[in-house]
file coords_10.pdb (PDB, C-alpha atoms)
ATOM      1  CA  MET A 639     -15.744 -33.984  22.385
ATOM      2  CA  LYS A 640     -12.897 -36.477  21.916
ATOM      3  CA  SER A 641     -12.669 -39.554  24.093
ATOM      4  CA  ASP A 642      -9.084 -38.741  25.210
ATOM      5  CA  ALA A 643     -10.288 -35.473  26.730
ATOM      6  CA  LEU A 644     -13.164 -37.252  28.451
ATOM      7  CA  ARG A 645     -11.207 -40.161  29.870
ATOM      8  CA  GLY A 646      -9.902 -38.191  32.869
ATOM      9  CA  HIS A 647     -13.422 -37.097  33.748
ATOM     10  CA  LEU A 648     -15.297 -40.300  33.001
ATOM     11  CA  ASP A 649     -15.537 -41.469  36.606
ATOM     12  CA  ALA A 650     -16.967 -38.120  37.750
ATOM     13  CA  LEU A 651     -19.431 -38.068  34.840
ATOM     14  CA  LEU A 652     -20.664 -41.549  35.698
ATOM     15  CA  LEU A 653     -21.076 -40.629  39.372
ATOM     16  CA  ALA A 654     -23.053 -37.524  38.353
ATOM     17  CA  VAL A 655     -25.351 -39.513  36.055
ATOM     18  CA  LEU A 656     -26.091 -41.990  38.850
ATOM     19  CA  ASP A 657     -26.807 -39.262  41.416
ATOM     20  CA  GLY A 658     -30.160 -40.093  43.017
ATOM     21  CA  ARG A 659     -31.147 -42.934  40.661
ATOM     22  CA  ARG A 660     -30.537 -46.548  39.704
ATOM     23  CA  LEU A 661     -29.709 -47.164  36.056
ATOM     24  CA  HIS A 662     -28.540 -50.057  33.922
ATOM     25  CA  GLY A 663     -25.508 -49.686  31.671
ATOM     26  CA  TYR A 664     -27.176 -48.581  28.468
ATOM     27  CA  ALA A 665     -29.448 -46.158  30.338
ATOM     28  CA  ILE A 666     -26.292 -44.610  31.844
ATOM     29  CA  ILE A 667     -24.825 -44.179  28.350
ATOM     30  CA  GLU A 668     -28.071 -42.608  27.093
ATOM     31  CA  ALA A 669     -28.210 -40.283  30.121
ATOM     32  CA  LEU A 670     -24.610 -39.174  29.450
ATOM     33  CA  GLN A 671     -25.446 -38.411  25.816
ATOM     34  CA  VAL A 672     -28.660 -36.560  26.706
ATOM     35  CA  ALA A 673     -27.014 -34.503  29.469
ATOM     36  CA  SER A 674     -24.185 -33.472  27.137
ATOM     37  CA  GLY A 675     -26.469 -32.721  24.215
ATOM     38  CA  GLY A 676     -24.788 -35.537  22.276
ATOM     39  CA  ALA A 677     -21.353 -33.910  22.580
ATOM     40  CA  LEU A 678     -19.741 -36.780  24.477
ATOM     41  CA  ASP A 679     -18.015 -39.009  21.946
ATOM     42  CA  LEU A 680     -16.826 -42.052  23.853
ATOM     43  CA  PRO A 681     -16.633 -45.738  22.889
ATOM     44  CA  THR A 682     -19.597 -46.993  24.898
ATOM     45  CA  GLY A 683     -17.765 -50.261  25.572
ATOM     46  CA  THR A 684     -15.354 -48.416  27.845
ATOM     47  CA  VAL A 685     -18.184 -47.323  30.155
ATOM     48  CA  TYR A 686     -18.688 -50.813  31.582
ATOM     49  CA  PRO A 687     -15.102 -51.363  32.778
ATOM     50  CA  ALA A 688     -15.265 -47.825  34.247
ATOM     51  CA  LEU A 689     -18.405 -48.795  36.175
ATOM     52  CA  ARG A 690     -16.638 -51.920  37.466
ATOM     53  CA  ARG A 691     -13.691 -49.765  38.511
ATOM     54  CA  LEU A 692     -16.050 -47.471  40.452
ATOM     55  CA  GLU A 693     -17.640 -50.523  42.039
ATOM     56  CA  ARG A 694     -14.200 -51.825  43.023
ATOM     57  CA  ALA A 695     -13.464 -48.441  44.581
ATOM     58  CA  GLY A 696     -16.666 -48.708  46.636
ATOM     59  CA  HIS A 697     -18.282 -45.693  44.919
ATOM     60  CA  VAL A 698     -20.948 -47.679  43.103
ATOM     61  CA  SER A 699     -22.917 -50.806  43.886
ATOM     62  CA  SER A 700     -24.638 -53.056  41.377
ATOM     63  CA  GLU A 701     -26.948 -56.025  41.121
ATOM     64  CA  TRP A 702     -28.686 -58.026  38.437
ATOM     65  CA  GLY A 703     -32.436 -57.505  38.239
ATOM     66  CA  THR A 704     -35.320 -57.476  35.801
ATOM     67  CA  VAL A 705     -35.824 -54.165  34.006
ATOM     68  CA  ALA A 706     -38.555 -53.916  31.346
ATOM     69  CA  GLY A 707     -38.768 -57.704  31.198
ATOM     70  CA  ARG A 708     -35.015 -58.268  30.718
ATOM     71  CA  GLN A 709     -32.228 -59.213  33.073
ATOM     72  CA  ARG A 710     -29.883 -56.252  33.502
ATOM     73  CA  ARG A 711     -27.181 -55.132  35.883
ATOM     74  CA  THR A 712     -28.274 -51.894  37.532
ATOM     75  CA  TYR A 713     -25.932 -49.475  39.289
ATOM     76  CA  HIS A 714     -26.428 -46.959  42.087
ATOM     77  CA  LEU A 715     -24.222 -44.697  44.185
ATOM     78  CA  THR A 716     -22.992 -45.774  47.601
ATOM     79  CA  PRO A 717     -22.522 -43.218  50.424
ATOM     80  CA  ALA A 718     -18.790 -43.154  49.533
ATOM     81  CA  GLY A 719     -19.774 -42.508  45.902
ATOM     82  CA  ARG A 720     -21.965 -39.567  46.936
ATOM     83  CA  ARG A 721     -19.067 -38.105  48.939
ATOM     84  CA  ALA A 722     -16.713 -38.626  45.992
ATOM     85  CA  LEU A 723     -19.213 -36.864  43.690
ATOM     86  CA  THR A 724     -19.429 -33.872  46.047
ATOM     87  CA  GLU A 725     -15.624 -33.641  46.057
ATOM     88  CA  GLU A 726     -15.493 -33.939  42.256
ATOM     89  CA  ARG A 727     -18.074 -31.173  41.849
ATOM     90  CA  THR A 728     -16.203 -28.854  44.227
ATOM     91  CA  ALA A 729     -12.895 -29.534  42.456
ATOM     92  CA  TRP A 730     -14.522 -28.968  39.049
ATOM     93  CA  ARG A 731     -16.046 -25.614  40.122
ATOM     94  CA  GLU A 732     -12.682 -24.447  41.459
ATOM     95  CA  PHE A 733     -10.943 -25.594  38.277
ATOM     96  CA  THR A 734     -13.414 -23.964  35.873
ATOM     97  CA  ALA A 735     -13.425 -20.728  37.936
ATOM     98  CA  ALA A 736      -9.636 -20.561  37.749
ATOM     99  CA  ILE A 737      -9.556 -21.270  33.991
ATOM    100  CA  GLU A 738     -12.415 -18.837  33.370
ATOM    101  CA  GLY A 739     -10.472 -16.158  35.232
ATOM    102  CA  VAL A 740      -7.583 -16.540  32.808
ATOM    103  CA  LEU A 741      -9.284 -17.387  29.510
ATOM    104  CA  GLY A 742     -12.672 -15.755  29.911
ATOM    105  CA  GLY A 743     -11.555 -12.114  30.151
ATOM    106  CA  GLY A 744     -11.261 -11.670  26.399
ATOM    107  CA  GLY A 745      -8.860  -8.728  26.753
ATOM    108  CA  PRO A 746      -5.129  -8.556  26.043
ATOM    109  CA  TRP A 747      -2.522  -9.649  28.577
ATOM    110  CA  PRO A 748      -1.518  -6.759  30.829
ATOM    111  CA  ALA A 749       1.599  -5.061  29.492
ATOM    112  CA  ARG A 750       4.683  -5.333  31.660
ATOM    113  CA  ALA A 751       5.931  -2.147  33.198
TER     114      ALA A 751
ATOM    115  CA  MET B 386     -31.301 -61.358   7.790
ATOM    116  CA  ALA B 387     -28.087 -59.676   6.612
ATOM    117  CA  GLY B 388     -25.761 -58.671   9.454
ATOM    118  CA  ALA B 389     -28.031 -60.241  12.076
ATOM    119  CA  GLY B 390     -25.006 -61.873  13.715
ATOM    120  CA  LEU B 391     -22.761 -58.815  13.884
ATOM    121  CA  ILE B 392     -23.318 -58.317  17.604
ATOM    122  CA  GLU B 393     -22.717 -62.003  18.333
ATOM    123  CA  GLU B 394     -19.580 -61.930  16.166
ATOM    124  CA  TYR B 395     -18.277 -58.934  18.116
ATOM    125  CA  VAL B 396     -19.036 -60.505  21.498
ATOM    126  CA  SER B 397     -17.450 -63.812  20.397
ATOM    127  CA  ALA B 398     -14.311 -61.984  19.241
ATOM    128  CA  LEU B 399     -14.191 -60.148  22.578
ATOM    129  CA  ASP B 400     -14.644 -63.466  24.383
ATOM    130  CA  ARG B 401     -11.679 -64.982  22.505
ATOM    131  CA  ARG B 402      -9.429 -62.070  23.437
ATOM    132  CA  LEU B 403     -10.209 -62.057  27.162
ATOM    133  CA  ARG B 404      -8.544 -64.252  29.788
ATOM    134  CA  GLY B 405      -9.619 -64.401  33.393
ATOM    135  CA  PRO B 406     -12.036 -65.860  35.936
ATOM    136  CA  GLY B 407     -14.987 -67.487  34.130
ATOM    137  CA  PRO B 408     -17.858 -65.998  36.189
ATOM    138  CA  VAL B 409     -16.476 -62.430  35.925
ATOM    139  CA  LYS B 410     -15.851 -62.851  32.203
ATOM    140  CA  ARG B 411     -19.353 -64.235  31.582
ATOM    141  CA  ASP B 412     -20.840 -61.357  33.568
ATOM    142  CA  LEU B 413     -18.881 -58.724  31.603
ATOM    143  CA  LEU B 414     -19.764 -60.327  28.266
ATOM    144  CA  ALA B 415     -23.461 -60.650  29.177
ATOM    145  CA  GLU B 416     -23.541 -56.948  30.006
ATOM    146  CA  ALA B 417     -21.717 -56.050  26.776
ATOM    147  CA  ARG B 418     -24.142 -58.169  24.726
ATOM    148  CA  ASP B 419     -27.155 -56.534  26.466
ATOM    149  CA  SER B 420     -25.769 -53.073  25.808
ATOM    150  CA  LEU B 421     -25.165 -53.824  22.123
ATOM    151  CA  HIS B 422     -28.699 -55.185  21.725
ATOM    152  CA  ASP B 423     -30.109 -52.121  23.545
ATOM    153  CA  ALA B 424     -28.207 -49.808  21.192
ATOM    154  CA  ALA B 425     -29.332 -51.770  18.112
ATOM    155  CA  GLU B 426     -32.938 -51.672  19.342
ATOM    156  CA  SER B 427     -32.681 -47.917  19.777
ATOM    157  CA  TYR B 428     -31.474 -47.554  16.156
ATOM    158  CA  ARG B 429     -34.228 -49.887  14.906
ATOM    159  CA  HIS B 430     -36.810 -47.654  16.608
ATOM    160  CA  ARG B 431     -35.351 -44.742  14.664
ATOM    161  CA  GLY B 432     -36.096 -46.611  11.444
ATOM    162  CA  LEU B 433     -32.787 -48.271  10.592
ATOM    163  CA  PRO B 434     -32.819 -51.812   9.191
ATOM    164  CA  GLU B 435     -31.545 -54.582  11.483
ATOM    165  CA  SER B 436     -28.148 -54.969   9.833
ATOM    166  CA  GLU B 437     -27.355 -51.273   9.953
ATOM    167  CA  ALA B 438     -28.687 -50.950  13.503
ATOM    168  CA  GLN B 439     -26.317 -53.698  14.643
ATOM    169  CA  ALA B 440     -23.411 -52.235  12.662
ATOM    170  CA  ARG B 441     -23.919 -48.838  14.316
ATOM    171  CA  ALA B 442     -24.245 -50.387  17.765
ATOM    172  CA  VAL B 443     -20.961 -52.268  17.280
ATOM    173  CA  ALA B 444     -19.180 -49.189  15.894
ATOM    174  CA  GLU B 445     -20.406 -47.102  18.835
ATOM    175  CA  PHE B 446     -19.225 -49.728  21.338
ATOM    176  CA  GLY B 447     -15.651 -49.125  20.227
ATOM    177  CA  PRO B 448     -12.717 -50.818  18.480
ATOM    178  CA  LEU B 449     -12.257 -54.370  19.710
ATOM    179  CA  GLY B 450      -8.638 -53.767  20.786
ATOM    180  CA  VAL B 451      -9.512 -50.713  22.914
ATOM    181  CA  VAL B 452     -12.522 -52.347  24.568
ATOM    182  CA  ALA B 453     -10.703 -55.663  25.132
ATOM    183  CA  ARG B 454      -7.830 -53.863  26.882
ATOM    184  CA  GLU B 455     -10.237 -52.185  29.322
ATOM    185  CA  TYR B 456     -12.138 -55.414  29.986
ATOM    186  CA  GLN B 457      -8.902 -57.356  30.428
ATOM    187  CA  GLY B 458      -7.853 -54.906  33.152
ATOM    188  CA  GLU B 459     -10.998 -55.718  35.125
ATOM    189  CA  LEU B 460     -10.440 -59.456  34.692
ATOM    190  CA  ALA B 461      -6.816 -59.065  35.811
ATOM    191  CA  VAL B 462      -7.746 -57.255  39.008
ATOM    192  CA  ALA B 463     -10.615 -59.679  39.717
ATOM    193  CA  HIS B 464      -8.219 -62.613  39.430
ATOM    194  CA  GLY B 465      -5.606 -60.756  41.481
ATOM    195  CA  ALA B 466      -8.048 -60.134  44.340
ATOM    196  CA  ARG B 467      -9.164 -63.765  44.226
ATOM    197  CA  THR B 468      -5.541 -64.939  44.381
ATOM    198  CA  LEU B 469      -4.778 -62.705  47.358
ATOM    199  CA  ARG B 470      -7.882 -63.951  49.196
ATOM    200  CA  SER B 471      -6.824 -67.544  48.454
ATOM    201  CA  LEU B 472      -3.364 -66.880  49.892
ATOM    202  CA  LEU B 473      -4.888 -65.239  52.950
ATOM    203  CA  LEU B 474      -7.059 -68.265  53.709
ATOM    204  CA  VAL B 475      -5.284 -71.290  52.297
ATOM    205  CA  VAL B 476      -1.653 -70.750  53.312
ATOM    206  CA  PRO B 477      -2.267 -70.288  57.095
ATOM    207  CA  LEU B 478      -4.929 -73.029  57.058
ATOM    208  CA  ALA B 479      -2.554 -75.496  55.363
ATOM    209  CA  HIS B 480       0.124 -74.613  57.915
ATOM    210  CA  LEU B 481      -2.259 -75.119  60.862
ATOM    211  CA  LEU B 482      -3.494 -78.450  59.495
ATOM    212  CA  TRP B 483       0.072 -79.658  58.889
ATOM    213  CA  GLU B 484       1.005 -78.717  62.475
ATOM    214  CA  ALA B 485      -2.097 -80.426  63.911
ATOM    215  CA  ASN B 486      -1.357 -83.535  61.862
ATOM    216  CA  ARG B 487       2.272 -83.554  62.990
ATOM    217  CA  ARG B 488       1.299 -83.192  66.672
ATOM    218  CA  PHE B 489      -1.187 -86.054  66.347
ATOM    219  CA  TRP B 490       1.201 -88.526  64.658
ATOM    220  CA  ILE B 491       4.587 -87.460  66.017
ATOM    221  CA  GLY B 492       3.898 -85.333  69.077
ATOM    222  CA  ALA B 493       6.530 -82.914  70.334
ATOM    223  CA  TRP B 494       9.761 -82.835  68.336
ATOM    224  CA  GLN B 495      12.462 -84.992  69.921
ATOM    225  CA  PRO B 496      15.782 -83.257  70.448
ATOM    226  CA  PHE B 497      18.598 -84.074  68.007
ATOM    227  CA  ASP B 498      21.284 -86.495  69.180
ATOM    228  CA  GLN B 499      23.657 -83.570  69.138
ATOM    229  CA  PRO B 500      22.635 -79.926  69.574
ATOM    230  CA  PRO B 501      21.885 -78.450  66.116
ATOM    231  CA  PRO B 502      23.913 -75.508  64.810
ATOM    232  CA  ASP B 503      22.747 -71.972  65.629
ATOM    233  CA  TRP B 504      21.341 -71.429  62.136
ATOM    234  CA  TYR B 505      18.924 -74.352  62.362
ATOM    235  CA  PRO B 506      16.412 -72.769  64.820
ATOM    236  CA  LEU B 507      16.472 -69.619  62.662
ATOM    237  CA  ILE B 508      15.448 -71.584  59.576
ATOM    238  CA  ALA B 509      12.775 -73.490  61.547
ATOM    239  CA  THR B 510      11.347 -70.232  62.962
ATOM    240  CA  ALA B 511      11.361 -68.608  59.524
ATOM    241  CA  ASN B 512       9.455 -71.597  58.125
ATOM    242  CA  ASP B 513       6.890 -71.514  60.960
ATOM    243  CA  THR B 514       6.391 -67.761  60.543
ATOM    244  CA  THR B 515       6.110 -67.687  56.746
ATOM    245  CA  ALA B 516       2.409 -68.613  56.623
ATOM    246  CA  TRP B 517       1.480 -65.680  58.886
ATOM    247  CA  VAL B 518       3.741 -63.260  57.014
ATOM    248  CA  VAL B 519       2.117 -64.378  53.736
ATOM    249  CA  ALA B 520      -1.351 -63.795  55.251
ATOM    250  CA  LEU B 521      -0.338 -60.318  56.444
ATOM    251  CA  CYS B 522       1.125 -59.452  53.033
ATOM    252  CA  ALA B 523      -2.109 -60.644  51.356
ATOM    253  CA  VAL B 524      -4.199 -58.404  53.666
ATOM    254  CA  ALA B 525      -1.875 -55.439  53.022
ATOM    255  CA  ALA B 526      -2.049 -56.037  49.249
ATOM    256  CA  LEU B 527      -5.867 -56.298  49.307
ATOM    257  CA  LEU B 528      -6.053 -53.001  51.210
ATOM    258  CA  ALA B 529      -3.588 -51.444  48.755
ATOM    259  CA  VAL B 530      -5.730 -52.617  45.810
ATOM    260  CA  ARG B 531      -8.786 -51.002  47.410
ATOM    261  CA  TRP B 532      -6.904 -47.766  48.163
ATOM    262  CA  MET B 533      -5.380 -47.560  44.686
ATOM    263  CA  SER B 534      -8.760 -48.315  43.081
ATOM    264  CA  ARG B 535     -10.147 -45.218  44.786
ATOM    265  CA  ARG B 536      -7.331 -43.224  43.221
ATOM    266  CA  GLY B 537      -8.115 -44.444  39.731
ATOM    267  CA  ALA B 538      -5.371 -47.068  39.313
ATOM    268  CA  SER B 539      -5.935 -49.275  36.283
ATOM    269  CA  GLY B 540      -7.011 -52.888  36.628
ATOM    270  CA  VAL B 541      -3.877 -53.993  34.788
ATOM    271  CA  ALA B 542      -1.610 -52.211  37.289
ATOM    272  CA  LEU B 543      -3.511 -53.715  40.221
ATOM    273  CA  GLY B 544      -3.411 -57.174  38.629
ATOM    274  CA  ARG B 545       0.366 -56.840  38.309
ATOM    275  CA  LEU B 546       0.654 -55.730  41.931
ATOM    276  CA  ALA B 547      -1.386 -58.718  43.114
ATOM    277  CA  GLY B 548       0.661 -61.034  40.898
ATOM    278  CA  ALA B 549       3.967 -59.687  42.212
ATOM    279  CA  VAL B 550       2.860 -60.033  45.859
ATOM    280  CA  ALA B 551       1.483 -63.536  45.246
ATOM    281  CA  ALA B 552       4.608 -64.671  43.372
ATOM    282  CA  ALA B 553       6.856 -63.300  46.143
ATOM    283  CA  ALA B 554       4.699 -64.982  48.809
ATOM    284  CA  VAL B 555       4.763 -68.361  47.065
ATOM    285  CA  GLY B 556       8.489 -68.062  46.355
ATOM    286  CA  THR B 557       9.240 -67.228  49.999
ATOM    287  CA  THR B 558       7.072 -70.119  51.227
ATOM    288  CA  VAL B 559       8.806 -72.617  48.941
ATOM    289  CA  PHE B 560      12.277 -71.255  49.757
ATOM    290  CA  CYS B 561      11.771 -71.382  53.548
ATOM    291  CA  ASN B 562      10.234 -74.857  53.400
ATOM    292  CA  LEU B 563      12.918 -76.298  51.156
ATOM    293  CA  ALA B 564      15.605 -74.694  53.324
ATOM    294  CA  LEU B 565      14.177 -76.473  56.380
ATOM    295  CA  VAL B 566      13.899 -79.801  54.539
ATOM    296  CA  VAL B 567      17.499 -79.596  53.307
ATOM    297  CA  ALA B 568      18.777 -78.494  56.724
ATOM    298  CA  THR B 569      16.885 -81.301  58.488
ATOM    299  CA  ALA B 570      18.099 -83.860  55.941
ATOM    300  CA  HIS B 571      21.640 -82.645  56.577
ATOM    301  CA  LEU B 572      21.293 -83.097  60.359
ATOM    302  CA  ASP B 573      18.998 -86.141  60.624
ATOM    303  CA  ALA B 574      17.429 -87.452  57.399
ATOM    304  CA  GLN B 575      15.425 -90.137  59.262
ATOM    305  CA  ARG B 576      13.390 -87.378  60.922
ATOM    306  CA  LEU B 577      11.878 -86.438  57.534
ATOM    307  CA  LEU B 578      10.563 -89.984  57.013
ATOM    308  CA  ALA B 579       9.410 -90.593  60.602
ATOM    309  CA  SER B 580       5.685 -90.619  59.860
ATOM    310  CA  PRO B 581       3.945 -91.484  56.534
ATOM    311  CA  PRO B 582       0.822 -89.382  57.413
ATOM    312  CA  VAL B 583       3.055 -86.356  58.054
ATOM    313  CA  LEU B 584       4.911 -87.069  54.814
ATOM    314  CA  LEU B 585       1.541 -87.159  53.031
ATOM    315  CA  ALA B 586       0.517 -83.865  54.649
ATOM    316  CA  THR B 587       3.819 -82.357  53.492
ATOM    317  CA  ALA B 588       3.141 -83.523  49.929
ATOM    318  CA  LEU B 589      -0.366 -82.035  50.152
ATOM    319  CA  SER B 590       0.993 -78.695  51.357
ATOM    320  CA  TYR B 591       3.349 -78.671  48.332
ATOM    321  CA  VAL B 592       0.363 -79.270  46.047
ATOM    322  CA  ILE B 593      -1.443 -76.325  47.696
ATOM    323  CA  THR B 594       1.637 -74.116  47.318
ATOM    324  CA  LEU B 595       1.967 -75.185  43.682
ATOM    325  CA  ARG B 596      -1.679 -74.246  43.088
ATOM    326  CA  CYS B 597      -1.043 -70.821  44.648
ATOM    327  CA  GLY B 598       1.969 -70.501  42.328
ATOM    328  CA  VAL B 599      -0.267 -71.223  39.325
ATOM    329  CA  LEU B 600      -2.718 -68.536  40.502
ATOM    330  CA  ALA B 601       0.149 -66.052  40.917
ATOM    331  CA  HIS B 602       1.457 -66.837  37.432
ATOM    332  CA  ARG B 603      -2.024 -66.298  35.970
ATOM    333  CA  CYS B 604      -2.197 -62.886  37.702
ATOM    334  CA  LEU B 605       0.899 -61.829  35.800
ATOM    335  CA  ARG B 606      -0.320 -63.402  32.537
ATOM    336  CA  PHE B 607      -3.799 -61.822  32.727
ATOM    337  CA  SER B 608      -2.329 -58.386  33.423
ATOM    338  CA  ALA B 609       0.213 -58.591  30.566
ATOM    339  CA  VAL B 610      -1.636 -56.337  28.079
TER     340      VAL B 610
END
call {"tool": "encode", "arguments": {"input": "coords_10.pdb", "output": "structure tokens"}}
result
Amino acid sequence: MKSDALRGHLDALLLAVLDGRRLHGYAIIEALQVASGGALDLPTGTVYPALRRLERAGHVSSEWGTVAGRQRRTYHLTPAGRRALTEERTAWREFTAAIEGVLGGGGPWPARA
Amino acid sequence: MAGAGLIEEYVSALDRRLRGPGPVKRDLLAEARDSLHDAAESYRHRGLPESEAQARAVAEFGPLGVVAREYQGELAVAHGARTLRSLLLVVPLAHLLWEANRRFWIGAWQPFDQPPPDWYPLIATANDTTAWVVALCAVAALLAVRWMSRRGASGVALGRLAGAVAAAAVGTTVFCNLALVVATAHLDAQRLLASPPVLLATALSYVITLRCGVLAHRCLRFSAV
């Protein structure tokens, strides 16, 4: 999947990956790739500014700590981030249901009377 | 080891492209370096030689121009927020200290020999009020940055917003202060030189305003990508 198509959804994807866990940057990237079956093709360097943007928005909080013997910045959702994720999921379900209704039928367009 | 420095070369090139607050920049670069080493380690575990593992990690991280633009946005907004916080604290504090200093050395202002024109009190009031208006504008801009961040505004756009507010605030401060100095010189020039400590405090407040102007200019420079 091309990075241009993903860009608009990157924030929601990052919130979803962080749901219920604390991860450092590279673990977030790995989790995104695993969850998408490797279909997400995104320059990994753009994930970090996106995480900072989410932190600036108050959706994510981060701190430096030792993970597996190395200093790493780990991220987790804030209560505002959890609310934002719920809203994103609801909006996504409504969007996909609407698109599915139009594209998923497989039949011809109804003929005009 | 062939290609052993590819990650360091990439991070150094990124470092050279980025402009912004040192601690934020160091933090971003440290995280980028960690991520690149993590990715290279992952490829090494899959059996790739060091040089190829690093080359893949760098390729995966993204083209330098694309990544630098995203990082620069974060540096721009970080500097913008810092500038707005500086304005919020420093401008009213400098005004309060100048007023306290003036009251200590001069006391209450003596009336002019002849009543000043109607426009003079307006200029004096505008000058006295500017510091508080600047503080209010800084608070409003900080809230706007927060609100716009939640709506996905880019760091570059927010850096520009902060820079525009800061530049306008500094410009207004300088304009109102110079207007009062010129008006006072026109009516009673001796009043400006009445007290050396107050003169010194005035010079200091100009230095502070100049520093705020430099910060505002950097906001606009860091967000020019």
call {"tool": "interface_residues", "arguments": {"input": "coords_10.pdb", "of": "chain B", "to": "chain A", "cutoff": "9 Å", "atoms": "all atoms listed in the file", "output": "short mmCIF file (atom, residue, chain, number, x, y, z; two decimals) with C-alpha atoms, keeping the file's coordinate frame"}}
result
data_model
loop_
_atom_site.label_atom_id
_atom_site.label_comp_id
_atom_site.auth_asym_id
_atom_site.auth_seq_id
_atom_site.Cartn_x
_atom_site.Cartn_y
_atom_site.Cartn_z
CA LEU B 413 -18.88 -58.72 31.60
CA ALA B 415 -23.46 -60.65 29.18
CA GLU B 416 -23.54 -56.95 30.01
CA ALA B 417 -21.72 -56.05 26.78
CA ASP B 419 -27.16 -56.53 26.47
CA SER B 420 -25.77 -53.07 25.81
CA LEU B 421 -25.16 -53.82 22.12
CA ASP B 423 -30.11 -52.12 23.54
CA ALA B 424 -28.21 -49.81 21.19
CA ALA B 444 -19.18 -49.19 15.89
CA GLU B 445 -20.41 -47.10 18.84
CA PHE B 446 -19.23 -49.73 21.34
CA GLY B 447 -15.65 -49.12 20.23
CA PRO B 448 -12.72 -50.82 18.48
CA VAL B 451 -9.51 -50.71 22.91
CA VAL B 452 -12.52 -52.35 24.57
CA ALA B 453 -10.70 -55.66 25.13
CA GLU B 455 -10.24 -52.18 29.32
CA TYR B 456 -12.14 -55.41 29.99
CA GLN B 457 -8.90 -57.36 30.43
CA GLY B 458 -7.85 -54.91 33.15
CA GLU B 459 -11.00 -55.72 35.12
CA VAL B 530 -5.73 -52.62 45.81
CA ARG B 531 -8.79 -51.00 47.41
CA TRP B 532 -6.90 -47.77 48.16
CA MET B 533 -5.38 -47.56 44.69
CA SER B 534 -8.76 -48.32 43.08
CA ARG B 535 -10.15 -45.22 44.79
CA ARG B 536 -7.33 -43.22 43.22
CA GLY B 537 -8.12 -44.44 39.73
CA ALA B 538 -5.37 -47.07 39.31
CA SER B 539 -5.94 -49.28 36.28
CA GLY B 540 -7.01 -52.89 36.63
#
call {"tool": "atom_distance", "arguments": {"input": "coords_10.pdb", "atom1": "atom CA of Phe560 of chain B", "atom2": "atom CA of Thr594 of chain B"}}
result
11.3 Å
call {"tool": "atom_distance", "arguments": {"input": "coords_10.pdb", "atom1": "atom CA of Ser397 of chain B", "atom2": "atom CA of Leu414 of chain B"}}
result
8.9 Å
call {"tool": "residues_near_point", "arguments": {"input": "coords_10.pdb", "point": "(10.1, -73.7, 54.8)", "cutoff": "9 Å", "atoms": "all atoms listed in the file", "output": "ChimeraX atom specification"}}
result
/B:508-513,515,557-566
call {"tool": "residues_around", "arguments": {"input": "coords_10.pdb", "residues": "Ala466 of chain B", "least_positions_apart": "3", "cutoff": "10 Å", "atoms": "all atoms listed in the file", "output": "short mmCIF file (atom, residue, chain, number, x, y, z; two decimals) with C-alpha atoms, in the frame of the given file"}}
result
data_model
loop_
_atom_site.label_atom_id
_atom_site.label_comp_id
_atom_site.auth_asym_id
_atom_site.auth_seq_id
_atom_site.Cartn_x
_atom_site.Cartn_y
_atom_site.Cartn_z
CA LEU B 460 -10.44 -59.46 34.69
CA ALA B 461 -6.82 -59.06 35.81
CA VAL B 462 -7.75 -57.26 39.01
CA ALA B 463 -10.62 -59.68 39.72
CA LEU B 469 -4.78 -62.70 47.36
CA ARG B 470 -7.88 -63.95 49.20
CA SER B 471 -6.82 -67.54 48.45
CA LEU B 472 -3.36 -66.88 49.89
CA ALA B 523 -2.11 -60.64 51.36
CA ALA B 526 -2.05 -56.04 49.25
CA LEU B 527 -5.87 -56.30 49.31
CA VAL B 530 -5.73 -52.62 45.81
CA ARG B 531 -8.79 -51.00 47.41
CA LEU B 543 -3.51 -53.72 40.22
CA GLY B 544 -3.41 -57.17 38.63
CA ALA B 547 -1.39 -58.72 43.11
CA GLY B 548 0.66 -61.03 40.90
CA CYS B 604 -2.20 -62.89 37.70
#
call {"tool": "atom_distance", "arguments": {"input": "coords_10.pdb", "atom1": "atom CA of Leu653 of chain A", "atom2": "atom CA of Glu726 of chain A"}}
result
9.2 Å
call {"tool": "closest_residue", "arguments": {"input": "coords_10.pdb", "among": "B:Val396, B:Ala568, B:Ala579, B:Val443", "to": "Asp503 of chain B", "atoms": "all atoms listed in the file"}}
result
B:Ala568
call {"tool": "resolve_selection", "arguments": {"input": "coords_10.pdb", "expression": "the PyMOL selection byres ((chain B and resi 605) around 10)", "output": "list of chain:residue names"}}
result
B:Ala461, B:His464, B:Gly465, B:Val541, B:Gly544, B:Arg545, B:Leu546, B:Ala547, B:Gly548, B:Ala549, B:Ala551, B:Ala552, B:Leu600, B:Ala601, B:His602, B:Arg603, B:Cys604, B:Arg606, B:Phe607, B:Ser608, B:Ala609, B:Val610
call {"tool": "resolve_selection", "arguments": {"input": "coords_10.pdb", "expression": "the PyMOL selection byres ((chain B and resi 428) around 12)", "output": "ChimeraX atom specification"}}
result
/B:421-427,429-443,445
